[in-house]
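Student: Handing you a structure now.
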Amino acid sequence: MKKLLFVIFILLFSFSCKQKEKKPITGNLIAKIGNVYITSEDLEKGLPQFAYQLMGEEQRRQFFDYVIDLVLFSLAAEKEGIDKEPLMKERLLWARRMVLSDEYFKRKTQNVFVSQAEVDSFYKKYENDFLKEIEFVYFFAEKAADAEEIKRLLSSQVFSKILVDKILSKYNVNGDITSVNAGYLHLENALPFPKEIADALLNLPKGKVSDVISLQNPPSFAVVKILSTSPTKIPKQDILNNIRQYLQLTKILKIKDSLREELKKQFPVEIYSKAIK
């Protein structure tokens, strides 16, 4: 959804510039709607890099139809003066901020590089975990008392799918049986589960039920039990690729934190509502 919003905003600004500034049309002209000219370059700019080139013929046709609707309805909105309404001015302002913010951050992080040595080092550090798959059952409860009761049931009864169904029907909880490569539990910024769950699984012996785990986001309680372990079937190269993405994301988030603190010195931030921290 976020990517789609950026596509919409970028296209709107691109077409708006051609309409209002009356610049010469450059590129491969493919359509004119009212006084708005659309080139194939516009379509490519409005999508993530290389996305347009990778589209099939039918996908491109559908996207082009969508763009035509986008321009038609936006021109109609302008004709009726909707863009001049106070609320719409505010929404358009925030749309502009979103596009500029995204572009600023993208330019500041476009050269982030992760070396093969960094990837290999991370893999080596947790190699024993990356080599195995763990199957486990989990339950999320809103009440600590329910989580405690589920822990008791998992500890005292022979595990089965019937037991899982019994717990799900008796308590107001979410739960399931699933599996994960244990090494992925170390990818803190890209965890497939809440960090508290990952930490519990990494330190939990097979067959033992965890203590009740308190989760912060959203506030809830969890119980997990490792059912089995087996050699992973994920190719090593896929694991290394995921590690590289994780390390790159980690570096990008550090840059974001650093940028945020530096920019706060240039543009002081004052929070007035006590409810916002």
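Identifiers in this document derive from the order of the structure tokens: chains are assigned A, B, ..., residues are numbered from 1 separately in each chain, and ligands are numbered from 1 in order of occurrence.
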What's the 12 Å shell around Pro194 (chain A), counting only C-alpha atoms, without same-chain residues fewer than 5 positions away, as a list of chain:residue names?

Tutor: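 Contacts, with the query itself left out: A:Tyr138, A:Phe140, A:Leu185, A:His186, A:Leu187, A:Glu188, A:Asn189, A:Asp199, A:Ala200, A:Leu201, A:Ile213, A:Ser214, A:Leu215, A:Gln216, A:Asn217, A:Pro218, A:Pro219, A:Ser220, A:Phe221, A:Ala222.
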
Student: Grab the residues selected above and save them as a short mmCIF file (atom, residue, chain, number, x, y, z; two decimals), in the first residue's frame with N, CA and C atoms.

Tutor:
data_model
loop_
_atom_site.label_atom_id
_atom_site.label_comp_id
_atom_site.auth_asym_id
_atom_site.auth_seq_id
_atom_site.Cartn_x
_atom_site.Cartn_y
_atom_site.Cartn_z
N TYR A 138 2.78 -22.13 19.29
CA TYR A 138 2.71 -20.86 20.01
C TYR A 138 1.26 -20.49 20.27
N PHE A 140 -0.94 -16.87 21.68
CA PHE A 140 -0.97 -15.49 22.14
C PHE A 140 -2.29 -15.26 22.86
N LEU A 185 16.13 -16.35 13.82
CA LEU A 185 15.71 -15.74 15.08
C LEU A 185 16.73 -14.72 15.58
N HIS A 186 17.91 -14.70 14.96
CA HIS A 186 18.93 -13.71 15.32
C HIS A 186 18.82 -12.44 14.49
N LEU A 187 17.95 -12.43 13.48
CA LEU A 187 17.82 -11.26 12.61
C LEU A 187 16.87 -10.26 13.26
N GLU A 188 17.39 -9.52 14.21
CA GLU A 188 16.55 -8.72 15.11
C GLU A 188 15.65 -7.72 14.41
N ASN A 189 16.14 -7.07 13.37
CA ASN A 189 15.33 -6.06 12.68
C ASN A 189 14.43 -6.65 11.60
N ASP A 199 13.76 -14.76 21.42
CA ASP A 199 14.69 -14.99 22.54
C ASP A 199 14.31 -16.25 23.31
N ALA A 200 13.02 -16.46 23.52
CA ALA A 200 12.56 -17.64 24.25
C ALA A 200 12.90 -18.91 23.48
N LEU A 201 12.66 -18.91 22.16
CA LEU A 201 12.92 -20.10 21.35
C LEU A 201 14.41 -20.44 21.30
N ILE A 213 5.39 -15.41 28.44
CA ILE A 213 6.19 -14.33 27.87
C ILE A 213 5.33 -13.08 27.75
N SER A 214 5.79 -12.00 28.34
CA SER A 214 5.07 -10.72 28.27
C SER A 214 5.50 -9.97 27.02
N LEU A 215 4.54 -9.67 26.14
CA LEU A 215 4.82 -8.94 24.89
C LEU A 215 4.37 -7.49 25.03
N GLN A 216 5.14 -6.60 24.41
CA GLN A 216 4.84 -5.17 24.53
C GLN A 216 4.02 -4.62 23.38
N ASN A 217 4.18 -5.19 22.19
CA ASN A 217 3.52 -4.61 21.01
C ASN A 217 2.91 -5.69 20.13
N PRO A 218 1.56 -5.88 20.24
CA PRO A 218 0.66 -5.24 21.21
C PRO A 218 0.78 -5.91 22.57
N PRO A 219 0.35 -5.23 23.63
CA PRO A 219 0.43 -5.83 24.97
C PRO A 219 -0.34 -7.15 25.02
N SER A 220 0.34 -8.22 25.32
CA SER A 220 -0.28 -9.54 25.36
C SER A 220 0.67 -10.51 26.03
N PHE A 221 0.28 -11.79 26.06
CA PHE A 221 1.09 -12.81 26.72
C PHE A 221 1.19 -14.01 25.80
N ALA A 222 2.33 -14.67 25.82
CA ALA A 222 2.56 -15.79 24.91
C ALA A 222 3.18 -16.97 25.63
#

Student: Name the residues in contact with region 233-246 of chain A at a cut-off of 8 Å, using only C-alpha atoms, excluding same-chain residues fewer than 6 positions from it; report them as a list of chain:residue names.

Tutor: A:Val114, A:Val119, A:Asp120, A:Phe122, A:Tyr123, A:Phe130, A:Glu133, A:Leu187, A:Asn189, A:Ala190

Student: What does the distance from CA of Asp69 (chain A) to CA of Glu44 (chain A) come to in Å, to one decimal?

Tutor: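 Between these atoms lies a distance of 17.2 Å.
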
Student: Among region 10-225 of chain A, which residues does DSSP mark as strand (DSSP E) when it is run on the backbone? Keep the chain and numbering as in the structure and answer as a ChimeraX atom specification.

Tutor: /A:29-33,36-39,132-141,173-181,213-216,219-225

Student: What does the distance between CA of Leu43 (chain A) and CA of Gly27 (chain A) come to in Å, to one decimal place?

Tutor: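 Between these atoms lies a distance of 11.2 Å.
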
Student: Please determine, counting only C-alpha atoms, which residue among A:Gln248, A:Ile68, A:Phe267, A:Ser228 has the shortest atom-to-atom distance to Glu118 (chain A).

Tutor: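 For Glu118 (chain A), the nearest of the given residues is A:Gln248.
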
Student: Could you give me, as number ranges by chain, the residues within 7 Å of Thr39 (chain A), counting only C-alpha atoms and dropping anything in the same chain fewer than 3 positions from it?

Tutor: A: 27-31, 42-43

Student: When DSSP is applied to the backbone of this structure, which of region 71-171 of chain A are assigned alpha helix (DSSP H)? Write them out as a ChimeraX atom specification.

Tutor: /A:71-79,86-109,116-125,127-130,144-156,161-170

Student: Would you work out the distance separating CA of Ile162 (chain A) from CA of Gly175 (chain A), expressed in Å to one decimal?

Tutor: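 Between these atoms lies a distance of 12.9 Å.
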
Student: Which residue gives the smallest distance to Arg260 (chain A) among A:Lys79, A:Arg91, A:Lys84, A:Lys108, with only C-alpha atoms counted?

Tutor: A:Lys108

Student: Could you pull the residues within 9 Å of Ser155 (chain A), counting only C-alpha atoms, minus those fewer than 3 positions along the same chain, as a PyMOL selection string?

Tutor: chain A and resi 150-152+158-159+207-209

Student: Keeping only C-alpha atoms, write those residues as a PDB file, in the first residue's frame.

Tutor:
ATOM      1  CA  ILE A 150      -2.203 -22.888  28.572  1.00  0.00           C
ATOM      2  CA  LYS A 151       1.306 -23.378  29.927  1.00  0.00           C
ATOM      3  CA  ARG A 152      -0.075 -25.868  32.456  1.00  0.00           C
ATOM      4  CA  VAL A 158       0.701 -35.265  25.676  1.00  0.00           C
ATOM      5  CA  PHE A 159       0.991 -32.859  22.789  1.00  0.00           C
ATOM      6  CA  GLY A 207       9.991 -30.488  24.593  1.00  0.00           C
ATOM      7  CA  LYS A 208       9.978 -27.880  27.343  1.00  0.00           C
ATOM      8  CA  VAL A 209       7.263 -25.237  27.665  1.00  0.00           C
TER       9      VAL A 209
END

Student: With distances taken over only C-alpha atoms, which of A:Ile38, A:Ser121, A:Asp83, A:Phe105 is nearest to Leu247 (chain A)?

Tutor: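 The answer is A:Ser121, which sits nearest to Leu247 (chain A).
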
Student: With distances taken over only C-alpha atoms, which of A:Lys32, A:Lys132, A:Arg97, A:Lys264 is nearest to Leu202 (chain A)?

Tutor: A:Lys132

Student: A:Val67, A:Leu168, A:Met55, A:Ala117: which is nearest Tyr37 (chain A), counting only C-alpha atoms?

Tutor: A:Val67
